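Student: One structure, as structure tokens, below. Some questions next.
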Amino acid sequence: MAQSLHLFNPSTRSSSLIPSPSKQCYSYPKPSHSISYRGFPVGFVKLSVRASSSSDLDPAPSSSSQVLLASDNGKGVAGGASATYAAPQDSGSIEVDTVTEAELKENGFRSTRRTKLVCTIGPATCGFDQLEALAVGGMNVARINMCHGTRDWHRGVIERVRRLNEEKGYAVAIMMDTEGSEIHMGDFGDAPSAKAEDGEIWTFSVRAFDSALPERTINVNYDGFAEDVKVGDELLVDGGMVRFEVIEKIGPDVKCRCTDPGLLLPRANLTFWRDGSLVRERNAMLPTISSKDWLDIDFGIAEGVDFIAISFVKSAEVINHLKSYVAARACDCDIAVIAKIESIDSLKNLEEIIQASDGAMVARGDLGAQIPLEQVPAAQQKIVQVCRQLNKPVIVASQLLESMIEYPTPTRAEVADVSEAVRQRADALMLSGESAMGQYPEKALAVLRSVSLRIERWWREEKRHEAMELSAIGSSFSDSISEEICKSAAKMANNLEVDAIFVYTKTGHMASLLSRCRPDCPIFAFTTTTSVRRRLNLQWGLIPFRLSFSDDMESNLNKTFSLLKARNLIKSGDLVIAVSDMLQSIQVMNVP
Ligand SMILES: Nc1ncnc2c1ncn2[C@@H]1O[C@H](COP(=O)(O)OP(=O)(O)O)[C@@H](O)[C@H]1O
Ligand SMILES: C=C(OP(=O)(O)O)C(=O)O
Ligand SMILES: [K+]
Ligand SMILES: [Mg+2]
């Protein structure tokens, strides 16, 4: 027997949507057998609430009443959509990728992976077959780093990922990461890297060299470099992978002695320190988004990437600016803006930056160059928590499996680091050099996958009581209803041990609210557009499906059940909870 719980705010809906006892709007699919429910409220409850009339999203007068309906037969409860959705042409199909399909069939719902995986694409993984191997291995998002390679090179990667999605049914999203205008070294011409030995004198220069670089010379991208540094400053490459001391300044050239030897990689980040503190001279005035970044952003918009990650964000202002820029130019696609938290300024303004963004990245590489390394773990935990509270997806990035650039197995410490990020319930983990230029990209991805699965299972079995208290975030009354529905649905799903939560969501918002609750069961997110489906691929626990659906939940459910059954993804008797952002309701039912 199907049971349902609906919430209405009658004043926000047309009169035809108000429940009418004589009108039976739903006849839910009848399961083949009935089950008993523990603790499920059945009955009719009327609540009086004060709706905020100041919200433009919810123009309800303060006298409006909010009605909570629960039904034990799933019939006679009316509702409707706040918008009418046109059913696209291909209404008879459901799209889900073959890897998820295989995983669901082999391991059952419970053991599908909840933590999402991002792979940086570089020379080691840019071919079609290599990209396909990563997709098969569980890559949810492909990241291209505009610090490296040409736009043509990146365009090629985007085309191959899109082709992979079209030909093989994947929904791999594309994230474009901007270079940012912090100080970094140039390339080494044909050499992939250079070795700096203890005591060697190297020249860091802002001069443009026409031909090959002179020996032991490094280009610096920031014109003010030679003016900003002082003799005696300490110069850190990549947060301390290699260290130099500034010994002499000669016009545009800065001579430095190597004090900690190591490998110099192209475009490595440079910071300089004076008396134990990071120096913030005129370089602190560089714009977050450089003129080259703006051209890259235009490229990303033209290519229809799914996410744009902004390096070295300092304030919410730049995010707001970029979001309006994107909104004005990207007419038919919705590009999410991800704030990379990798500077002292971004930590200072953390909450406002995350609030303004569509997600965040804990970019530990540069963060570890700006704050003492021992402070990075606490910063990571804080960023992950703030993102969860504010309902923004968060990616933990950099050096997760650094040794796997060279070796086929990770260190125990790396496995512990990956475990910690999964235990913090971050939405996604990211590979950088491991997948871009390492020797074992697929093996590194397999480690992220197996560690995620194991820790997620441990969490479900052992840690359920450690649920995070989620504060209210809704900015309108209608938002608050959605939020409460998702919290209740997630709690019910855990208590009733349901097999899956189904969410019908046009924009993806309702799916993200469910993901935020980190329920024990997977969330099947049905959405009408391929772009939303790809975007949902970054969020914890969501299995995005593309499906055409209408505002009629009965037919949506019937259609979903029959399509999923035909593909052996669900079976009669499976217990599911369905929620939707068109009709604010929770329904509990067995698959017929
Ligand atoms: N498009 C690319 N072309 C060439 N090399 C790349 C590319 N993307 C990434 N890499 C390599 O992978 C390494 C790690 O990638 P990433 O972490 O994104 O960059 P970075 O180390 O510069 O912050 C880079 O240092 C670079 O050597
Ligand atoms: C992910 C990071 O940014 P990028 O690789 O672009 O330096 C980082 O600094 O950790
Ligand atoms: K970058
Ligand atoms: Mg960085």
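Residues are referred to by chain and number: the chain letter is A, B, ... according to the order shown in the structure tokens, the number counts from 1 in that chain, and ligands are numbered separately from 1 in the order shown.
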Can you tell me which residues surround stretch 245-261 of chain A at a distance of at most 12 Å, considering only C-alpha atoms, apart from same-chain residues fewer than 5 positions away, and format the answer as an NGL selection string?
Tutor: :A and (194-208 or 216-237 or 239-240 or 271-274)
Student: Compute the set of protein, DNA and RNA residues whose minimum atom distance to ligand 1 is at most 9 Å, using only C-alpha atoms and all ligand atoms, and state it as a tab-separated table (two decimals) with C-alpha atoms, in the first residue's frame.
Tutor:
```tsv
chain	number	residue	atom	x	y	z
A	120	THR	CA	42.31	16.29	-13.91
A	121	ILE	CA	42.91	15.53	-17.57
A	122	GLY	CA	46.43	15.97	-18.89
A	123	PRO	CA	48.80	14.30	-21.33
A	124	ALA	CA	48.39	10.92	-19.58
A	126	CYS	CA	43.55	13.04	-22.90
A	143	ARG	CA	38.75	18.80	-14.88
A	144	ILE	CA	40.84	20.80	-17.30
A	145	ASN	CA	43.37	23.18	-15.82
A	146	MET	CA	43.84	26.30	-17.94
A	147	CYS	CA	47.26	26.77	-16.31
A	148	HIS	CA	48.53	24.17	-18.75
A	149	GLY	CA	48.05	23.41	-22.42
A	150	THR	CA	46.48	25.49	-25.17
A	153	TRP	CA	44.20	21.14	-26.61
A	154	HIS	CA	41.44	21.70	-24.04
A	177	ASP	CA	39.76	25.59	-13.76
A	179	GLU	CA	44.85	29.88	-14.07
A	184	HIS	CA	54.09	31.19	-10.99
A	192	PRO	CA	59.13	18.36	-18.62
A	193	SER	CA	60.87	19.41	-15.39
A	238	ASP	CA	54.87	24.88	-4.71
A	265	LEU	CA	57.65	21.51	-12.42
A	266	PRO	CA	56.35	23.81	-15.15
A	267	ARG	CA	54.11	26.62	-13.93
A	268	ALA	CA	54.70	25.82	-10.31
A	269	ASN	CA	53.38	28.39	-7.89
A	365	GLY	CA	48.15	22.63	-3.00
A	366	ASP	CA	48.22	26.40	-2.86
A	397	ALA	CA	41.75	18.30	-3.87
A	398	SER	CA	45.50	17.93	-4.26
A	399	GLN	CA	48.06	15.33	-3.31
A	431	LEU	CA	43.03	13.68	-8.68
A	432	SER	CA	45.53	16.22	-10.09
A	433	GLY	CA	48.94	15.10	-11.29
A	434	GLU	CA	47.98	11.47	-10.53
A	435	SER	CA	45.58	11.48	-13.48
A	436	ALA	CA	47.01	14.37	-15.56
A	437	MET	CA	50.56	13.20	-15.97
A	438	GLY	CA	51.10	10.24	-13.65
```
Student: Residues at most 12 Å from stretch 467-470 of chain A, counting only C-alpha atoms, excluding those fewer than 4 positions away in the same chain, as a PyMOL selection string?
Tutor: chain A and resi 384-391+423-425+459-460+462-463+474+483-484+486-487+490-491+494+513-514+516-520
Student: Per DSSP on the backbone, filter stretch 234-434 of chain A down to the residues in helix (DSSP H, G or I) and report them as a PyMOL selection string.
Tutor: chain A and resi 282-285+291-303+316-329+344-348+350-356+364-370+373-389+402-405+412-423+433-434
Student: Skipping near chain neighbours, those fewer than 6 positions away, what residues fall within 9 Å of A:Ile344 using only C-alpha atoms, listed as an mmCIF file with all heavy atoms, in the first residue's frame?
Tutor:
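What ended up in part_29.cif:
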```
data_model
loop_
_atom_site.group_PDB
_atom_site.id
_atom_site.type_symbol
_atom_site.label_atom_id
_atom_site.label_comp_id
_atom_site.auth_asym_id
_atom_site.auth_seq_id
_atom_site.Cartn_x
_atom_site.Cartn_y
_atom_site.Cartn_z
ATOM 1 N N LYS A 314 39.223 35.719 -3.442
ATOM 2 C CA LYS A 314 39.493 36.482 -2.216
ATOM 3 C C LYS A 314 38.209 36.922 -1.515
ATOM 4 O O LYS A 314 38.176 37.095 -0.314
ATOM 5 C CB LYS A 314 40.314 37.744 -2.537
ATOM 6 C CG LYS A 314 41.716 37.433 -3.053
ATOM 7 C CD LYS A 314 42.476 38.726 -3.348
ATOM 8 C CE LYS A 314 43.744 38.447 -4.111
ATOM 9 N NZ LYS A 314 43.915 39.258 -5.293
ATOM 10 N N LEU A 367 46.822 26.235 -0.883
ATOM 11 C CA LEU A 367 46.490 26.573 0.504
ATOM 12 C C LEU A 367 47.679 26.248 1.408
ATOM 13 O O LEU A 367 48.049 27.031 2.283
ATOM 14 C CB LEU A 367 45.238 25.790 0.938
ATOM 15 C CG LEU A 367 44.630 26.209 2.267
ATOM 16 C CD1 LEU A 367 44.207 27.665 2.246
ATOM 17 C CD2 LEU A 367 43.425 25.332 2.607
ATOM 18 N N GLN A 370 50.247 28.848 1.525
ATOM 19 C CA GLN A 370 49.901 30.145 2.118
ATOM 20 C C GLN A 370 49.702 30.093 3.622
ATOM 21 O O GLN A 370 49.806 31.111 4.297
ATOM 22 C CB GLN A 370 48.630 30.691 1.450
ATOM 23 C CG GLN A 370 48.831 30.959 -0.027
ATOM 24 C CD GLN A 370 48.185 32.254 -0.477
ATOM 25 O OE1 GLN A 370 47.447 32.882 0.261
ATOM 26 N NE2 GLN A 370 48.471 32.657 -1.690
ATOM 27 N N ILE A 371 49.333 28.921 4.123
ATOM 28 C CA ILE A 371 49.223 28.791 5.585
ATOM 29 C C ILE A 371 50.136 27.630 5.986
ATOM 30 O O ILE A 371 50.456 26.784 5.144
ATOM 31 C CB ILE A 371 47.754 28.533 6.039
ATOM 32 C CG1 ILE A 371 47.205 27.216 5.463
ATOM 33 C CG2 ILE A 371 46.851 29.694 5.670
ATOM 34 C CD1 ILE A 371 45.832 26.821 6.030
#
```
Student: Which residues, written as a ChimeraX atom specification, have at least one atom at most 12 Å from A:Lys392, with only C-alpha atoms counted and residues fewer than 4 positions away on the same chain left out?
Tutor: /A:336-339,351,353-361,383-388,426-428,473,509,511-516,536,538-540
Student: Ranking A:Leu117, A:Ile405, A:Leu347, A:Ala309 by minimum distance to ligand 4 and counting only C-alpha atoms and all ligand atoms, which one comes first?
Tutor: A:Ala309
Student: Restricting the calculation to only C-alpha atoms and all ligand atoms, which member of A:Glu352, A:Asp581, A:Glu182, A:Asp552 is positioned closest to ligand 4?
Tutor: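 Of A:Glu352, A:Asp581, A:Glu182, A:Asp552, the one nearest ligand 4 is A:Glu182, counting only C-alpha atoms and all ligand atoms.
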Student: Could you please write out, as a count of residues only, every residue of stretch 121-313 of chain A that DSSP assigns to strand (DSSP E)?
Tutor: 56
